[in-house]
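Novice: My questions will all concern the structure given below.
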Amino acid sequence: MERTLSIIKPDAVAKNVIGKIVDRFESNGLRIVGMKKIQLSKSDAGKFYEVHAGRPFFGELVEFMTSGPVVAMVLEGENAVAKNRELMGATNPKEAEAGTIRADFAQSIDANAVHGSDSLENAKIEIDFFFAGRELL
Ligand code: CMP
């Protein structure tokens, strides 16, 4: 059993497809053990994406992630980290396999509908960023 963090980004929240994305996870054996809708501040987004701080796209990433509310979720299941990444598809929706969340709901590499932890180690850090232990059930 693993837990991983998923974020439904502002573009997908604005498109009113929260439920459709959640269904992809539940229909594929992942359980929602924590969920919240939240407006990130610039400081929140900068801290969350700290590893990308030196990258040329960092400013736009922070701008985009604070452009509207996001939905943060903790997904639990067997191989949850890899399963979530498989369901999301490639970071750039133009390269995402048909039937993946990004192929179906994303427009661009910035507005790419969802974020998912890239390793179990980062999943723990990212889950702690958004959730207290008592919010995970
Ligand atoms: P995410 O999985 O949330 O992690 C960092 C985000 O930066 C990524 O999804 C993309 O939305 C965004 N991004 C923008 N440009 C790039 C790029 N060239 N490489 C990787 N991520 C990028």
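Chain identifiers are assigned as A, B, and so on, following the order in which chains appear in the structure tokens; residues are numbered from 1 within each chain, and ligands are numbered from 1 in order of appearance.
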Enumerate as a ChimeraX atom specification all residues of stretch 35-98 of chain A assigned to strand (DSSP E or B) by DSSP on the backbone, naming them with the chain letters and numbers the document uses.
Specialist: /A:35-38,70-77
Novice: When you look at A:Gly59 with a cut-off of 10 Å (counting only C-alpha atoms), what residues show up, excluding the ones that are within fewer than 5 positions of it in the same chain? I need them as JSON, numbers by chain.
Specialist: {"A": [42, 46, 52, 53, 54, 64]}
Novice: Counting only C-alpha atoms, which of A:Glu60, A:Glu86, A:Glu97, A:Asp11 gets nearest to A:Val114?
Specialist: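 The shortest atom-to-atom distance to A:Val114 comes from A:Asp11.
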Novice: Check the smallest atom-to-atom distance from each of A:Met73, A:Leu120, A:Ile125, A:Leu61 to ligand 1 using only C-alpha atoms and all ligand atoms, then report the winner.
Specialist: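 Nearest candidate to ligand 1 out of A:Met73, A:Leu120, A:Ile125, A:Leu61: A:Leu61.
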Novice: Pick out the residues no farther than 7 Å from ligand 1, counting only C-alpha atoms and all ligand atoms, and list them as a PDB file with N, CA, C and O atoms, in the first residue's frame.
Specialist:
ATOM      1  N   TYR A  49       6.704  24.021  -4.993  1.00  0.00           N
ATOM      2  CA  TYR A  49       7.493  23.719  -6.194  1.00  0.00           C
ATOM      3  C   TYR A  49       8.952  24.170  -6.053  1.00  0.00           C
ATOM      4  O   TYR A  49       9.609  24.435  -7.065  1.00  0.00           O
ATOM      5  N   PHE A  57      10.734  28.097 -16.177  1.00  0.00           N
ATOM      6  CA  PHE A  57       9.272  28.144 -16.137  1.00  0.00           C
ATOM      7  C   PHE A  57       8.720  28.379 -14.728  1.00  0.00           C
ATOM      8  O   PHE A  57       7.502  28.416 -14.530  1.00  0.00           O
ATOM      9  N   LEU A  61       4.843  28.970 -13.533  1.00  0.00           N
ATOM     10  CA  LEU A  61       4.249  27.859 -12.770  1.00  0.00           C
ATOM     11  C   LEU A  61       3.559  28.395 -11.513  1.00  0.00           C
ATOM     12  O   LEU A  61       2.399  28.057 -11.230  1.00  0.00           O
ATOM     13  N   THR A  91       3.765  14.799 -18.767  1.00  0.00           N
ATOM     14  CA  THR A  91       3.641  16.193 -18.301  1.00  0.00           C
ATOM     15  C   THR A  91       3.095  17.104 -19.400  1.00  0.00           C
ATOM     16  O   THR A  91       2.240  17.948 -19.148  1.00  0.00           O
ATOM     17  N   ILE A 109       1.543  22.466 -21.412  1.00  0.00           N
ATOM     18  CA  ILE A 109       2.448  21.968 -20.364  1.00  0.00           C
ATOM     19  C   ILE A 109       2.232  22.730 -19.041  1.00  0.00           C
ATOM     20  O   ILE A 109       2.446  22.164 -17.962  1.00  0.00           O
ATOM     21  N   ASP A 110       1.794  23.976 -19.113  1.00  0.00           N
ATOM     22  CA  ASP A 110       1.499  24.723 -17.875  1.00  0.00           C
ATOM     23  C   ASP A 110       0.115  24.347 -17.355  1.00  0.00           C
ATOM     24  O   ASP A 110      -0.031  23.960 -16.198  1.00  0.00           O
ATOM     25  N   ALA A 111      -0.881  24.469 -18.221  1.00  0.00           N
ATOM     26  CA  ALA A 111      -2.258  24.120 -17.842  1.00  0.00           C
ATOM     27  C   ALA A 111      -2.444  22.633 -18.131  1.00  0.00           C
ATOM     28  O   ALA A 111      -3.117  22.239 -19.086  1.00  0.00           O
ATOM     29  N   ASN A 112      -1.812  21.803 -17.279  1.00  0.00           N
ATOM     30  CA  ASN A 112      -1.814  20.357 -17.585  1.00  0.00           C
ATOM     31  C   ASN A 112      -2.684  19.550 -16.614  1.00  0.00           C
ATOM     32  O   ASN A 112      -2.433  18.373 -16.387  1.00  0.00           O
ATOM     33  N   VAL A 114      -3.391  18.231 -13.892  1.00  0.00           N
ATOM     34  CA  VAL A 114      -3.099  17.545 -12.623  1.00  0.00           C
ATOM     35  C   VAL A 114      -1.597  17.537 -12.322  1.00  0.00           C
ATOM     36  O   VAL A 114      -0.761  17.612 -13.234  1.00  0.00           O
ATOM     37  N   HIS A 115      -1.308  17.428 -11.047  1.00  0.00           N
ATOM     38  CA  HIS A 115       0.058  17.157 -10.579  1.00  0.00           C
ATOM     39  C   HIS A 115       0.025  15.848  -9.810  1.00  0.00           C
ATOM     40  O   HIS A 115      -0.970  15.540  -9.151  1.00  0.00           O
ATOM     41  N   GLY A 116       1.112  15.087  -9.869  1.00  0.00           N
ATOM     42  CA  GLY A 116       1.224  13.882  -9.053  1.00  0.00           C
ATOM     43  C   GLY A 116       2.638  13.723  -8.550  1.00  0.00           C
ATOM     44  O   GLY A 116       3.599  14.037  -9.269  1.00  0.00           O
TER      45      GLY A 116
END
Novice: Restricting the calculation to only C-alpha atoms, which member of A:Arg24, A:Lys37, A:Arg55, A:Lys47 is positioned closest to A:Glu126?
Specialist: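 The closest residue to A:Glu126 is A:Lys47.
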Novice: I'd like the neighbourhood of A:Gly77 as a PDB file with all heavy atoms, in the first residue's frame, where a residue qualifies if any of its atoms comes within 9 Å (using only C-alpha atoms), though same-chain residues fewer than 5 positions away should be ignored.
Specialist:
ATOM      1  N   MET A   1       0.831  -1.209   0.000  1.00  0.00           N
ATOM      2  CA  MET A   1       0.000   0.000   0.000  1.00  0.00           C
ATOM      3  C   MET A   1       0.865   1.259   0.000  1.00  0.00           C
ATOM      4  O   MET A   1       1.797   1.372   0.783  1.00  0.00           O
ATOM      5  CB  MET A   1      -0.860   0.029   1.264  1.00  0.00           C
ATOM      6  CG  MET A   1      -2.168  -0.702   1.118  1.00  0.00           C
ATOM      7  SD  MET A   1      -3.128  -0.088  -0.278  1.00  0.00           S
ATOM      8  CE  MET A   1      -4.613  -0.991  -0.011  1.00  0.00           C
ATOM      9  N   GLU A   2       0.538   2.183  -0.858  1.00  0.00           N
ATOM     10  CA  GLU A   2       1.256   3.465  -0.896  1.00  0.00           C
ATOM     11  C   GLU A   2       0.231   4.604  -0.844  1.00  0.00           C
ATOM     12  O   GLU A   2      -0.944   4.413  -1.176  1.00  0.00           O
ATOM     13  CB  GLU A   2       2.017   3.600  -2.214  1.00  0.00           C
ATOM     14  CG  GLU A   2       3.257   2.744  -2.332  1.00  0.00           C
ATOM     15  CD  GLU A   2       3.959   2.923  -3.657  1.00  0.00           C
ATOM     16  OE1 GLU A   2       3.538   3.757  -4.495  1.00  0.00           O
ATOM     17  OE2 GLU A   2       4.947   2.200  -3.863  1.00  0.00           O
ATOM     18  N   ARG A   3       0.739   5.781  -0.472  1.00  0.00           N
ATOM     19  CA  ARG A   3      -0.064   7.001  -0.581  1.00  0.00           C
ATOM     20  C   ARG A   3       0.703   7.988  -1.450  1.00  0.00           C
ATOM     21  O   ARG A   3       1.931   8.052  -1.383  1.00  0.00           O
ATOM     22  CB  ARG A   3      -0.300   7.613   0.799  1.00  0.00           C
ATOM     23  CG  ARG A   3      -1.356   6.867   1.593  1.00  0.00           C
ATOM     24  CD  ARG A   3      -1.586   7.478   2.953  1.00  0.00           C
ATOM     25  NE  ARG A   3      -2.698   6.840   3.644  1.00  0.00           N
ATOM     26  CZ  ARG A   3      -3.148   7.178   4.826  1.00  0.00           C
ATOM     27  NH1 ARG A   3      -2.584   8.189   5.487  1.00  0.00           N
ATOM     28  NH2 ARG A   3      -4.160   6.547   5.385  1.00  0.00           N
ATOM     29  N   THR A   4      -0.035   8.752  -2.256  1.00  0.00           N
ATOM     30  CA  THR A   4       0.592   9.759  -3.099  1.00  0.00           C
ATOM     31  C   THR A   4      -0.270  11.007  -3.128  1.00  0.00           C
ATOM     32  O   THR A   4      -1.458  10.952  -2.804  1.00  0.00           O
ATOM     33  CB  THR A   4       0.830   9.209  -4.528  1.00  0.00           C
ATOM     34  OG1 THR A   4       1.633  10.123  -5.268  1.00  0.00           O
ATOM     35  CG2 THR A   4      -0.478   8.980  -5.279  1.00  0.00           C
ATOM     36  N   GLY A  29      -8.830   1.752  -8.861  1.00  0.00           N
ATOM     37  CA  GLY A  29      -8.359   1.105  -7.634  1.00  0.00           C
ATOM     38  C   GLY A  29      -7.679   2.015  -6.632  1.00  0.00           C
ATOM     39  O   GLY A  29      -7.111   1.534  -5.660  1.00  0.00           O
ATOM     40  N   LEU A  30      -7.754   3.334  -6.867  1.00  0.00           N
ATOM     41  CA  LEU A  30      -7.168   4.255  -5.880  1.00  0.00           C
ATOM     42  C   LEU A  30      -8.294   4.828  -5.019  1.00  0.00           C
ATOM     43  O   LEU A  30      -9.389   5.112  -5.517  1.00  0.00           O
ATOM     44  CB  LEU A  30      -6.390   5.376  -6.576  1.00  0.00           C
ATOM     45  CG  LEU A  30      -5.134   4.909  -7.333  1.00  0.00           C
ATOM     46  CD1 LEU A  30      -4.543   6.055  -8.144  1.00  0.00           C
ATOM     47  CD2 LEU A  30      -4.089   4.348  -6.384  1.00  0.00           C
ATOM     48  N   ARG A  31      -8.005   4.971  -3.735  1.00  0.00           N
ATOM     49  CA  ARG A  31      -8.993   5.444  -2.765  1.00  0.00           C
ATOM     50  C   ARG A  31      -8.603   6.872  -2.341  1.00  0.00           C
ATOM     51  O   ARG A  31      -7.420   7.145  -2.137  1.00  0.00           O
ATOM     52  CB  ARG A  31      -8.928   4.479  -1.578  1.00  0.00           C
ATOM     53  CG  ARG A  31      -9.901   4.690  -0.474  1.00  0.00           C
ATOM     54  CD  ARG A  31      -9.893   3.489   0.470  1.00  0.00           C
ATOM     55  NE  ARG A  31     -10.513   2.327  -0.160  1.00  0.00           N
ATOM     56  CZ  ARG A  31     -11.832   2.111  -0.185  1.00  0.00           C
ATOM     57  NH1 ARG A  31     -12.646   2.970   0.404  1.00  0.00           N
ATOM     58  NH2 ARG A  31     -12.327   1.056  -0.781  1.00  0.00           N
ATOM     59  N   LYS A  83       0.862   4.275 -10.282  1.00  0.00           N
ATOM     60  CA  LYS A  83      -0.488   4.188 -10.848  1.00  0.00           C
ATOM     61  C   LYS A  83      -1.024   5.580 -11.168  1.00  0.00           C
ATOM     62  O   LYS A  83      -1.559   5.833 -12.241  1.00  0.00           O
ATOM     63  CB  LYS A  83      -1.393   3.461  -9.831  1.00  0.00           C
ATOM     64  CG  LYS A  83      -2.850   3.443 -10.120  1.00  0.00           C
ATOM     65  CD  LYS A  83      -3.230   2.695 -11.370  1.00  0.00           C
ATOM     66  CE  LYS A  83      -3.323   1.202 -11.185  1.00  0.00           C
ATOM     67  NZ  LYS A  83      -3.667   0.488 -12.418  1.00  0.00           N
TER      68      LYS A  83
END
Novice: Rounded to one decimal in Å, what is the spacing between atom CA of A:Asn84 and atom CA of A:Gly19?
Specialist: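 Atom-to-atom, atom CA of A:Asn84 to atom CA of A:Gly19, that is 15.9 Å.
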Novice: Could you name the residues that touch A:Gly99 at 12 Å or less, counting only C-alpha atoms, but leaving out those on the same chain fewer than 4 positions away, as a PyMOL selection string?
Specialist: chain A and resi 21+24+86-90+93+95+103-106
Novice: Filtering to N, CA, C and O atoms, could you give me those residues as a tab-separated table (two decimals), in the first residue's frame?
Specialist:
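Written file, result-v5.tsv:
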chain	number	residue	atom	x	y	z
A	21	ILE	N	-12.28	13.69	-13.00
A	21	ILE	CA	-10.89	13.30	-12.69
A	21	ILE	C	-10.86	12.36	-11.48
A	21	ILE	O	-10.18	11.33	-11.51
A	24	ARG	N	-11.54	8.86	-12.41
A	24	ARG	CA	-10.42	8.10	-13.01
A	24	ARG	C	-9.64	7.37	-11.92
A	24	ARG	O	-9.22	6.23	-12.10
A	86	GLU	N	0.72	6.96	-14.20
A	86	GLU	CA	0.23	6.30	-15.41
A	86	GLU	C	-1.14	6.89	-15.82
A	86	GLU	O	-1.37	7.19	-17.00
A	87	LEU	N	-2.01	7.11	-14.84
A	87	LEU	CA	-3.34	7.65	-15.14
A	87	LEU	C	-3.26	9.10	-15.63
A	87	LEU	O	-4.06	9.52	-16.47
A	88	MET	N	-2.26	9.88	-15.11
A	88	MET	CA	-2.12	11.28	-15.53
A	88	MET	C	-1.62	11.40	-16.96
A	88	MET	O	-2.04	12.28	-17.70
A	89	GLY	N	-0.66	10.55	-17.36
A	89	GLY	CA	-0.01	10.68	-18.66
A	89	GLY	C	1.14	11.66	-18.60
A	89	GLY	O	1.42	12.25	-17.55
A	90	ALA	N	1.82	11.86	-19.73
A	90	ALA	CA	3.03	12.70	-19.78
A	90	ALA	C	2.73	14.14	-19.35
A	90	ALA	O	1.63	14.65	-19.57
A	93	PRO	N	0.76	17.53	-22.31
A	93	PRO	CA	-0.41	16.81	-22.81
A	93	PRO	C	-0.30	16.39	-24.27
A	93	PRO	O	-0.92	15.41	-24.69
A	95	GLU	N	2.14	15.02	-25.53
A	95	GLU	CA	2.85	13.73	-25.53
A	95	GLU	C	2.13	12.67	-24.71
A	95	GLU	O	2.60	11.54	-24.60
A	103	ALA	N	-4.25	13.85	-21.52
A	103	ALA	CA	-4.67	13.81	-22.93
A	103	ALA	C	-6.12	14.28	-23.04
A	103	ALA	O	-6.48	14.98	-23.98
A	104	ASP	N	-6.94	13.93	-22.06
A	104	ASP	CA	-8.38	14.23	-22.16
A	104	ASP	C	-8.77	15.60	-21.62
A	104	ASP	O	-9.76	16.17	-22.07
A	105	PHE	N	-8.01	16.14	-20.65
A	105	PHE	CA	-8.47	17.38	-20.00
A	105	PHE	C	-7.48	18.54	-20.06
A	105	PHE	O	-7.82	19.64	-19.63
A	106	ALA	N	-6.24	18.34	-20.51
A	106	ALA	CA	-5.23	19.41	-20.43
A	106	ALA	C	-5.01	20.09	-21.78
A	106	ALA	O	-5.23	19.49	-22.83
Novice: Kindly indicate which residue among A:Asp118, A:Phe58, A:Phe130, A:Ala123 lies nearest to A:Gln39, using only C-alpha atoms for the distances.
Specialist: A:Phe130
Novice: Just list the residues in stretch 20-124 of chain A DSSP gives helix (DSSP H, G or I) on the backbone, as a PyMOL selection string.
Specialist: chain A and resi 20-27+42-48+50-52+58-65+80-88+93-95+101-105+120-124
Novice: With C-alpha atoms retained, could you export that selection as a PDB file, in the first residue's frame?
Specialist:
ATOM      1  CA  LYS A  20     -14.535  13.277 -13.831  1.00  0.00           C
ATOM      2  CA  ILE A  21     -10.894  13.298 -12.691  1.00  0.00           C
ATOM      3  CA  VAL A  22     -11.714  11.797  -9.281  1.00  0.00           C
ATOM      4  CA  ASP A  23     -13.596   9.039 -11.111  1.00  0.00           C
ATOM      5  CA  ARG A  24     -10.421   8.100 -13.010  1.00  0.00           C
ATOM      6  CA  PHE A  25      -8.683   7.433  -9.691  1.00  0.00           C
ATOM      7  CA  GLU A  26     -11.564   5.588  -8.028  1.00  0.00           C
ATOM      8  CA  SER A  27     -12.289   3.490 -11.121  1.00  0.00           C
ATOM      9  CA  LYS A  42       2.342  32.771  -4.157  1.00  0.00           C
ATOM     10  CA  SER A  43       4.377  31.779  -1.118  1.00  0.00           C
ATOM     11  CA  ASP A  44       2.564  28.396  -0.846  1.00  0.00           C
ATOM     12  CA  ALA A  45       3.086  27.603  -4.530  1.00  0.00           C
ATOM     13  CA  GLY A  46       6.731  28.715  -4.410  1.00  0.00           C
ATOM     14  CA  LYS A  47       7.386  26.443  -1.436  1.00  0.00           C
ATOM     15  CA  PHE A  48       5.530  23.482  -2.920  1.00  0.00           C
ATOM     16  CA  GLU A  50      10.784  24.709  -4.512  1.00  0.00           C
ATOM     17  CA  VAL A  51      12.704  22.020  -6.475  1.00  0.00           C
ATOM     18  CA  HIS A  52      11.867  23.903  -9.688  1.00  0.00           C
ATOM     19  CA  PHE A  58       9.152  28.664 -12.332  1.00  0.00           C
ATOM     20  CA  GLY A  59       7.551  32.141 -12.439  1.00  0.00           C
ATOM     21  CA  GLU A  60       4.808  31.012 -14.810  1.00  0.00           C
ATOM     22  CA  LEU A  61       4.249  27.859 -12.770  1.00  0.00           C
ATOM     23  CA  VAL A  62       3.670  29.859  -9.565  1.00  0.00           C
ATOM     24  CA  GLU A  63       1.489  32.347 -11.467  1.00  0.00           C
ATOM     25  CA  PHE A  64      -0.630  29.564 -12.927  1.00  0.00           C
ATOM     26  CA  MET A  65      -0.976  27.528  -9.725  1.00  0.00           C
ATOM     27  CA  ALA A  80      -0.241   4.424  -5.878  1.00  0.00           C
ATOM     28  CA  VAL A  81       2.688   6.624  -6.972  1.00  0.00           C
ATOM     29  CA  ALA A  82       3.234   4.831 -10.292  1.00  0.00           C
ATOM     30  CA  LYS A  83      -0.488   4.188 -10.848  1.00  0.00           C
ATOM     31  CA  ASN A  84      -1.286   7.899 -10.461  1.00  0.00           C
ATOM     32  CA  ARG A  85       1.483   8.842 -12.899  1.00  0.00           C
ATOM     33  CA  GLU A  86       0.225   6.299 -15.415  1.00  0.00           C
ATOM     34  CA  LEU A  87      -3.340   7.649 -15.142  1.00  0.00           C
ATOM     35  CA  MET A  88      -2.116  11.283 -15.528  1.00  0.00           C
ATOM     36  CA  PRO A  93      -0.412  16.807 -22.811  1.00  0.00           C
ATOM     37  CA  LYS A  94       0.704  16.743 -26.449  1.00  0.00           C
ATOM     38  CA  GLU A  95       2.853  13.732 -25.535  1.00  0.00           C
ATOM     39  CA  ILE A 101      -6.180  12.505 -17.746  1.00  0.00           C
ATOM     40  CA  ARG A 102      -3.832  14.987 -19.403  1.00  0.00           C
ATOM     41  CA  ALA A 103      -4.671  13.813 -22.927  1.00  0.00           C
ATOM     42  CA  ASP A 104      -8.375  14.229 -22.157  1.00  0.00           C
ATOM     43  CA  PHE A 105      -8.466  17.376 -20.004  1.00  0.00           C
ATOM     44  CA  LEU A 120       7.292   7.753  -2.601  1.00  0.00           C
ATOM     45  CA  GLU A 121       9.796   9.988  -0.816  1.00  0.00           C
ATOM     46  CA  ASN A 122       8.360  13.147  -2.422  1.00  0.00           C
ATOM     47  CA  ALA A 123       4.811  11.886  -1.870  1.00  0.00           C
ATOM     48  CA  LYS A 124       5.398  11.953   1.901  1.00  0.00           C
TER      49      LYS A 124
END
Novice: So that I can see what lies close to A:Ala12, please list as a list in words the residues with an atom at most 8 Å from it, counting only C-alpha atoms and leaving out residues fewer than 3 positions away in the same chain.
Specialist: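 My list of contacting residues is Ile8, Lys9, Lys15, Asn16, Val17, Ile18, Phe105, Ala106, Ala113 and Val114 of chain A.
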Novice: If I take atom CA of A:Gln107 and atom CA of A:Gly34, how far is one from the other in Å, to one decimal?
Specialist: 26.7 Å
Novice: Rank A:Ala14, A:Phe129, A:Thr100, A:Ser108 by their smallest atom-to-atom distance to A:Leu40, using only C-alpha atoms, and report the top residue only.
Specialist: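 Checking each candidate against A:Leu40, we get A:Phe129 as the closest.
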